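Novice: If it helps, the file is called run_26.txt and holds compact mmCIF, C-alpha atoms:
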# COMPACT_ATOMS: atom_id res chain seq x y z
CA ASP A 1 -54.74 36.69 -19.90
CA LYS A 2 -52.95 36.59 -23.26
CA LEU A 3 -49.31 36.50 -24.29
CA SER A 4 -48.27 37.11 -27.88
CA TRP A 5 -45.21 37.47 -30.06
CA ARG A 6 -45.09 39.00 -33.52
CA GLY A 7 -42.37 38.69 -36.12
CA GLU A 8 -42.18 39.86 -39.72
CA THR A 9 -44.24 37.00 -41.13
CA LEU A 10 -45.06 34.85 -38.09
CA SER A 11 -47.04 35.60 -34.93
CA LEU A 12 -47.78 33.33 -31.96
CA PHE A 13 -50.11 33.62 -29.00
CA VAL A 14 -51.26 31.75 -25.91
CA SER A 15 -54.24 32.69 -23.76
CA ALA A 16 -56.02 31.45 -20.65
CA GLY A 17 -59.04 32.77 -18.81
CA ARG A 18 -62.42 32.08 -17.29
CA ALA A 19 -65.60 32.82 -19.25
CA TRP A 20 -69.04 33.41 -17.79
CA ALA A 21 -72.55 33.76 -19.23
CA ALA A 22 -75.75 34.50 -17.34
CA ALA A 23 -78.71 32.15 -17.42
CA SER A 24 -81.66 33.12 -19.62
CA PRO A 25 -85.19 33.59 -18.20
CA GLY A 26 -86.04 30.12 -19.53
CA ASN A 27 -83.37 28.42 -17.42
CA GLN A 28 -85.24 26.61 -14.64
CA GLY A 29 -82.24 26.34 -12.34
CA GLN A 30 -80.97 29.84 -13.20
CA ARG A 31 -77.45 28.41 -13.38
CA SER A 32 -74.83 30.47 -15.17
CA GLN A 33 -72.48 29.07 -17.81
CA GLN A 34 -68.86 28.99 -16.68
CA ALA A 35 -65.71 27.63 -18.26
CA TRP A 36 -61.94 27.78 -18.13
CA GLN A 37 -60.60 28.45 -21.62
CA TYR A 38 -57.10 27.79 -22.97
CA GLU A 39 -55.87 28.51 -26.50
CA LEU A 40 -52.57 28.26 -28.36
CA GLY A 41 -52.12 29.40 -31.92
CA GLY A 42 -50.23 31.25 -34.58
CA ARG A 43 -50.50 33.06 -37.91
CA PHE A 44 -48.18 33.12 -40.92
CA GLU A 45 -48.37 35.60 -43.78
CA SER A 46 -46.10 35.84 -46.80
CA GLY A 47 -47.10 37.66 -49.96
CA ASN A 48 -50.48 36.39 -51.12
CA PHE A 49 -50.46 33.42 -48.75
CA LYS A 50 -52.03 33.50 -45.28
CA SER A 51 -52.46 30.71 -42.73
CA ALA A 52 -53.69 30.39 -39.16
CA LEU A 53 -53.77 27.50 -36.70
CA SER A 54 -55.23 27.37 -33.20
CA LEU A 55 -55.65 24.63 -30.60
CA TYR A 56 -58.10 25.18 -27.76
CA GLN A 57 -59.65 23.56 -24.71
CA ARG A 58 -62.73 24.68 -22.79
CA ASP A 59 -63.66 23.05 -19.49
CA PHE A 60 -67.27 23.93 -18.73
CA ASP A 61 -68.59 23.69 -15.18
CA ASN A 62 -71.98 24.12 -16.80
CA LEU A 63 -72.81 24.42 -20.52
CA HIS A 64 -76.08 25.96 -21.73
CA PHE A 65 -78.26 24.43 -24.45
CA ASP A 66 -80.92 26.78 -25.85
CA CYS A 67 -84.15 25.39 -27.25
CA THR A 68 -85.18 27.93 -29.88
CA ALA A 69 -87.48 28.08 -32.90
CA SER A 70 -84.60 27.16 -35.22
CA SER A 71 -83.23 24.23 -33.20
CA PHE A 72 -84.43 20.62 -33.05
CA CYS A 73 -86.72 21.04 -30.04
CA ASP A 74 -90.33 20.21 -29.31
CA PRO A 75 -92.36 23.37 -30.11
CA GLY A 76 -93.81 23.32 -26.61
CA LEU A 77 -90.32 23.55 -25.10
CA ARG A 78 -89.04 26.49 -27.12
CA LEU A 79 -87.40 29.34 -25.24
CA ASN A 80 -86.26 26.87 -22.57
CA GLN A 81 -82.60 26.75 -21.66
CA TYR A 82 -81.09 23.51 -20.33
CA ASN A 83 -78.03 22.99 -18.15
CA LEU A 84 -75.72 20.28 -19.49
CA GLY A 85 -73.42 20.33 -16.47
CA GLU A 86 -69.73 19.53 -16.90
CA VAL A 87 -68.59 19.33 -20.54
CA ASP A 88 -65.03 19.20 -21.85
CA VAL A 89 -64.43 20.68 -25.31
CA LYS A 90 -61.21 20.29 -27.27
CA GLY A 91 -60.66 21.44 -30.79
CA ALA A 92 -58.45 22.74 -33.55
CA GLU A 93 -58.97 25.23 -36.37
CA LEU A 94 -56.87 25.55 -39.52
CA ALA A 95 -57.30 28.23 -42.18
CA LEU A 96 -55.35 28.60 -45.44
CA ASP A 97 -55.85 31.39 -47.95
CA TYR A 98 -54.05 32.14 -51.20
CA ARG A 99 -54.59 34.74 -53.90
CA LEU A 100 -53.25 34.14 -57.40
CA ASP A 101 -52.83 37.33 -59.39
CA SER A 102 -52.59 36.98 -63.17
CA GLY A 103 -52.79 40.38 -64.73
CA SER A 104 -56.33 41.72 -64.71
CA VAL A 105 -57.76 38.48 -63.27
CA ASN A 106 -57.40 37.40 -59.64
CA TRP A 107 -58.08 33.91 -58.26
CA PRO A 108 -58.72 33.83 -54.49
CA MET A 109 -58.93 30.37 -52.89
CA GLY A 110 -58.86 28.90 -49.43
CA LEU A 111 -59.53 26.10 -46.99
CA LYS A 112 -60.91 25.94 -43.45
CA TYR A 113 -60.98 22.87 -41.22
CA HIS A 114 -62.54 22.65 -37.77
CA TYR A 115 -62.20 19.67 -35.42
CA THR A 116 -64.38 19.58 -32.30
CA GLN A 117 -64.40 17.00 -29.53
CA ALA A 118 -67.13 17.88 -27.01
CA LYS A 119 -67.81 15.27 -24.35
CA ALA A 120 -70.18 15.36 -21.41
CA GLN A 121 -68.87 14.19 -18.06
CA HIS A 122 -72.16 12.49 -17.13
CA SER A 123 -75.10 10.64 -18.74
CA GLY A 124 -78.70 11.84 -18.89
CA CYS A 125 -81.49 13.25 -21.06
CA LEU A 126 -82.39 16.93 -21.29
CA MET A 127 -86.07 16.12 -21.74
CA LEU A 128 -88.31 13.07 -22.15
CA SER A 129 -87.99 13.13 -25.95
CA GLY A 130 -84.22 13.75 -25.88
CA PRO A 131 -81.58 14.68 -26.68
CA CYS A 132 -79.57 12.46 -24.37
CA LEU A 133 -75.95 12.70 -23.29
CA MET A 134 -73.61 9.76 -22.73
CA VAL A 135 -70.52 10.10 -20.58
CA ASP A 136 -67.32 10.53 -22.60
CA GLU A 137 -69.24 10.58 -25.91
CA GLN A 138 -69.57 13.45 -28.40
CA LEU A 139 -72.46 15.84 -27.83
CA PRO A 140 -75.04 14.51 -30.30
CA TRP A 141 -75.74 17.79 -32.13
CA LEU A 142 -72.13 18.85 -32.78
CA PRO A 143 -70.23 17.50 -35.83
CA GLU A 144 -66.73 16.33 -35.05
CA HIS A 145 -65.31 17.41 -38.41
CA ALA A 146 -66.18 20.40 -40.61
CA LEU A 147 -64.32 21.29 -43.81
CA SER A 148 -64.93 24.12 -46.26
CA LEU A 149 -63.21 24.92 -49.54
CA HIS A 150 -63.70 28.05 -51.60
CA ALA A 151 -62.41 29.34 -54.92
CA GLY A 152 -63.23 32.47 -56.84
CA LEU A 153 -62.54 34.76 -59.75
CA GLU A 154 -62.28 38.56 -59.80
CA TRP A 155 -62.17 40.40 -63.10
CA GLY A 156 -62.86 44.12 -63.05
CA GLY A 157 -66.25 44.61 -61.45
CA PHE A 158 -67.22 40.95 -61.86
CA LYS A 159 -66.75 38.50 -58.98
CA ALA A 160 -67.56 34.80 -58.71
CA ARG A 161 -67.15 32.58 -55.66
CA ALA A 162 -67.96 28.90 -55.09
CA GLN A 163 -67.82 27.26 -51.68
CA GLY A 164 -68.16 23.63 -50.69
CA ILE A 165 -68.87 22.59 -47.09
CA TYR A 166 -68.64 19.14 -45.53
CA ARG A 167 -69.80 18.21 -42.02
CA SER A 168 -69.42 14.80 -40.43
CA GLU A 169 -72.37 12.82 -39.13
CA VAL A 170 -74.27 13.99 -36.08
CA ALA A 171 -77.08 12.43 -34.09
CA SER A 172 -80.66 13.56 -34.49
CA LEU A 173 -82.41 15.52 -31.77
CA THR A 174 -85.89 14.49 -32.89
CA PRO A 175 -87.23 11.29 -34.48
CA GLN A 176 -88.57 13.28 -37.47
CA VAL A 177 -85.07 14.34 -38.55
CA THR A 178 -82.54 12.04 -40.18
CA ALA A 179 -79.04 13.33 -39.54
CA LYS A 180 -76.04 12.24 -41.59
CA ASP A 181 -72.87 13.47 -43.23
CA SER A 182 -73.76 16.58 -45.19
CA MET A 183 -72.35 18.30 -48.25
CA GLN A 184 -73.28 21.81 -49.30
CA LEU A 185 -72.33 23.84 -52.37
CA ASP A 186 -72.92 27.61 -52.51
CA LEU A 187 -72.36 30.02 -55.40
CA LEU A 188 -72.17 33.82 -55.45
CA LEU A 189 -71.96 35.99 -58.57
CA SER A 190 -71.85 39.77 -58.48
CA TYR A 191 -71.09 42.73 -60.69
CA ASP A 192 -70.14 46.17 -59.33
CA PHE A 193 -71.17 48.95 -61.69
CA ASN A 194 -69.33 51.36 -59.42
CA SER A 195 -68.65 51.78 -55.69
CA LYS A 196 -72.38 52.27 -54.94
CA HIS A 197 -74.30 49.91 -57.25
CA GLN A 198 -74.09 46.12 -57.39
CA LEU A 199 -76.11 43.36 -59.05
CA TYR A 200 -75.78 39.92 -57.45
CA PHE A 201 -76.99 36.33 -57.68
CA ARG A 202 -76.69 33.92 -54.74
CA ALA A 203 -77.40 30.17 -54.76
CA GLU A 204 -77.24 28.20 -51.51
CA ASP A 205 -77.15 24.41 -51.16
CA LEU A 206 -77.10 23.74 -54.90
CA LEU A 207 -76.65 20.00 -54.29
CA ASP A 208 -79.87 19.93 -52.28
CA ASP A 209 -78.28 17.24 -50.13
CA ALA A 210 -81.55 16.80 -48.19
CA SER A 211 -79.59 17.22 -44.99
CA PRO A 212 -81.62 19.29 -42.52
CA LEU A 213 -78.54 20.55 -40.74
CA ARG A 214 -76.34 23.58 -40.56
CA GLU A 215 -73.91 24.67 -37.86
CA ASP A 216 -73.35 27.87 -35.97
CA ASP A 217 -71.60 28.83 -32.74
CA THR A 218 -74.42 27.44 -30.59
CA GLY A 219 -74.63 24.03 -32.26
CA LEU A 220 -76.82 22.49 -34.93
CA LEU A 221 -79.79 24.25 -36.51
CA ALA A 222 -82.41 23.43 -39.12
CA SER A 223 -81.33 24.13 -42.70
CA VAL A 224 -83.37 26.18 -45.15
CA GLY A 225 -82.41 23.88 -48.06
CA ARG A 226 -81.79 25.09 -51.62
CA ARG A 227 -82.33 28.81 -52.01
CA LEU A 228 -81.80 31.21 -54.94
CA GLN A 229 -81.57 34.99 -54.67
CA LEU A 230 -81.27 37.69 -57.32
CA GLY A 231 -80.86 41.21 -56.08
CA TYR A 232 -79.60 44.71 -56.46
CA ARG A 233 -77.64 46.55 -53.78
CA MET A 234 -77.19 50.29 -53.53
CA LYS A 235 -75.00 52.11 -50.99
CA PHE A 236 -75.69 55.61 -49.77
Could the structure of this file be written out as structure tokens, please?
Specialist:
Amino acid sequence: DKLSWRGETLSLFVSAGRAWAAASPGNQGQRSQQAWQYELGGRFESGNFKSALSLYQRDFDNLHFDCTASSFCDPGLRLNQYNLGEVDVKGAELALDYRLDSGSVNWPMGLKYHYTQAKAQHSGCLMLSGPCLMVDEQLPWLPEHALSLHAGLEWGGFKARAQGIYRSEVASLTPQVTAKDSMQLDLLLSYDFNSKHQLYFRAEDLLDDASPLREDDTGLLASVGRRLQLGYRMKF
């Protein structure tokens, strides 16, 4: 269920509901993932400035952990899905965006911050080699803090965008991986000849921070490290 209110520049919402996800074929107990979810938030927009803030809580009766080819799992255990049992997740997300227009040149910029507190309600190890959970302690593969900053330039068909990402320290899932605070710097340059043709250059992890980590909605995955791409895109 969701209730919302919208004004000229401000909107607010509150939601509550129960989420469910089926177990995968690799789940030995064939236990579904279930959680009560609560969220409170709002958005503010005025001219070239936009902001959004949300606070949420998710009380899992059972949380799934997928062991895939891109996660820190023993190769022999890939495609397995583990049941973490009861996990309480609390968090907050803040997003700020501003666009400075100065004649023919535009300067978009923004900030995103994500705080996550995910604590298991029991202690135990998912497998003999880990990872292990400790009661009332952060899940070892989820960073508590994540911050990203981006700034760009738009001039005619030319666009440039730089983004910096910081993630707080997480625990390692395997002895071969050293996990720590990570910093990442990405750069994107592009030129649109017209609405159908674009030349672009993309550079990921320019700092080559040697951190093997990146985050997505399912947790922590192995990073590809520094990567450079030069390409041409055509739309039909």
Novice: In Å, how far is it from atom CA of A:Gly156 to atom CA of A:Gln229?
Specialist: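 These two atoms are separated by 22.4 Å.
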Novice: Give as a list of chain:residue names each residue that has an atom at most 8 Å from (-67.4, 41.7, -59.5) in the file, counting only C-alpha atoms.
Specialist: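 Final list of nearby residues, as requested, is A:Glu154, A:Trp155, A:Gly156, A:Gly157, A:Phe158, A:Lys159, A:Ala160, A:Leu189, A:Ser190, A:Tyr191, A:Asp192.
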Novice: Nearest to A:Met109: which of A:Phe13, A:Trp36, A:Phe236, A:Phe49 is it, counting all atoms listed in the file?
Specialist: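 Smallest distance to A:Met109 is found for A:Phe49.
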Novice: Every residue with an atom at most 10 Å from (-71.5, 26.9, -16.7) (file coordinates; only C-alpha atoms) is what I'm after, so could you write them as a list of chain:residue names?
Specialist: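 With a cut-off of 10 Å, the residues come to A:Ala19, A:Trp20, A:Ala21, A:Ala22, A:Ala23, A:Arg31, A:Ser32, A:Gln33, A:Gln34, A:Ala35, A:Trp36, A:Asp59, A:Phe60, A:Asp61, A:Asn62, A:Leu63, A:His64, A:Asn83, A:Leu84, A:Gly85, A:Glu86, A:Val87.
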Novice: Determine the nearest neighbour of A:Ala120 from the options A:Asp101, A:Asp136, A:Glu8, A:Asp181, counting only C-alpha atoms.
Specialist: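 For A:Ala120, the nearest of the given residues is A:Asp136.
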Novice: Here is a test: counting all atoms listed in the file, which residue of A:Leu94, A:Leu53, A:Leu187, A:Val14 is nearest to A:Gln37?
Specialist: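 So, comparing all the options, the nearest one is A:Val14.
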Novice: So, with all atoms listed in the file as the atoms that count, which of A:Gly164, A:Gly152, A:Gly29, A:Gly231 lies closest to A:Asn80?
Specialist: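 Counting all atoms listed in the file, the residue closest to A:Asn80 is A:Gly29.
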Novice: Distance atom CA of A:Pro108-atom CA of A:Met234, one decimal place?
Specialist: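 Atom-to-atom, atom CA of A:Pro108 to atom CA of A:Met234, that is 24.8 Å.
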Novice: If I take atom CA of A:Ser182 and atom CA of A:His145, how far is one from the other in Å, to one decimal?
Specialist: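 Atom CA of A:Ser182 sits 10.9 Å away from atom CA of A:His145.
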Novice: Would you please work out which residue, of A:Leu96, A:Gln30, A:Leu10, A:Ser24, is nearest to A:Lys50 when using all atoms listed in the file?
Specialist: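 Of all the options, A:Leu96 lies closest to A:Lys50.
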Novice: Here is a test: counting only C-alpha atoms, which residue of A:Ser104, A:Gln138, A:Gln57, A:Ser15 is nearest to A:Lys119?
Specialist: A:Gln138
Novice: With the input short on atoms, add N, CA and C atoms back to stretch 189-206 of chain A and write it as a compact mmCIF listing (two decimals), keeping the file's coordinate frame.
Specialist:
# COMPACT_ATOMS: atom_id res chain seq x y z
N LEU A 189 -72.39 35.20 -57.42
CA LEU A 189 -71.96 35.99 -58.57
C LEU A 189 -72.37 37.43 -58.33
N SER A 190 -71.50 38.37 -58.66
CA SER A 190 -71.85 39.77 -58.48
C SER A 190 -71.12 40.63 -59.51
N TYR A 191 -71.74 41.77 -59.79
CA TYR A 191 -71.09 42.73 -60.69
C TYR A 191 -71.27 44.13 -60.09
N ASP A 192 -70.14 44.81 -59.88
CA ASP A 192 -70.14 46.17 -59.33
C ASP A 192 -70.08 47.16 -60.48
N PHE A 193 -71.16 47.92 -60.67
CA PHE A 193 -71.17 48.95 -61.69
C PHE A 193 -70.24 50.09 -61.30
N ASN A 194 -70.24 50.39 -60.00
CA ASN A 194 -69.33 51.36 -59.42
C ASN A 194 -69.30 51.08 -57.92
N SER A 195 -68.80 52.02 -57.13
CA SER A 195 -68.65 51.78 -55.69
C SER A 195 -69.99 51.76 -54.95
N LYS A 196 -71.09 52.18 -55.62
CA LYS A 196 -72.38 52.27 -54.94
C LYS A 196 -73.44 51.32 -55.46
N HIS A 197 -73.25 50.72 -56.63
CA HIS A 197 -74.30 49.91 -57.25
C HIS A 197 -73.75 48.52 -57.58
N GLN A 198 -74.52 47.50 -57.17
CA GLN A 198 -74.09 46.12 -57.39
C GLN A 198 -75.30 45.25 -57.73
N LEU A 199 -75.13 44.39 -58.70
CA LEU A 199 -76.11 43.36 -59.05
C LEU A 199 -75.54 42.01 -58.63
N TYR A 200 -76.33 41.18 -57.95
CA TYR A 200 -75.78 39.92 -57.45
C TYR A 200 -76.77 38.77 -57.60
N PHE A 201 -76.21 37.57 -57.66
CA PHE A 201 -76.99 36.33 -57.68
C PHE A 201 -76.36 35.37 -56.67
N ARG A 202 -77.17 34.83 -55.77
CA ARG A 202 -76.69 33.92 -54.74
C ARG A 202 -77.49 32.60 -54.79
N ALA A 203 -76.77 31.50 -54.78
CA ALA A 203 -77.40 30.17 -54.76
C ALA A 203 -76.81 29.40 -53.58
N GLU A 204 -77.67 28.94 -52.69
CA GLU A 204 -77.24 28.20 -51.51
C GLU A 204 -77.72 26.76 -51.59
N ASP A 205 -76.85 25.84 -51.19
CA ASP A 205 -77.15 24.41 -51.16
C ASP A 205 -77.61 23.92 -52.53
N LEU A 206 -76.76 24.16 -53.54
CA LEU A 206 -77.10 23.74 -54.90
C LEU A 206 -77.27 22.23 -55.03
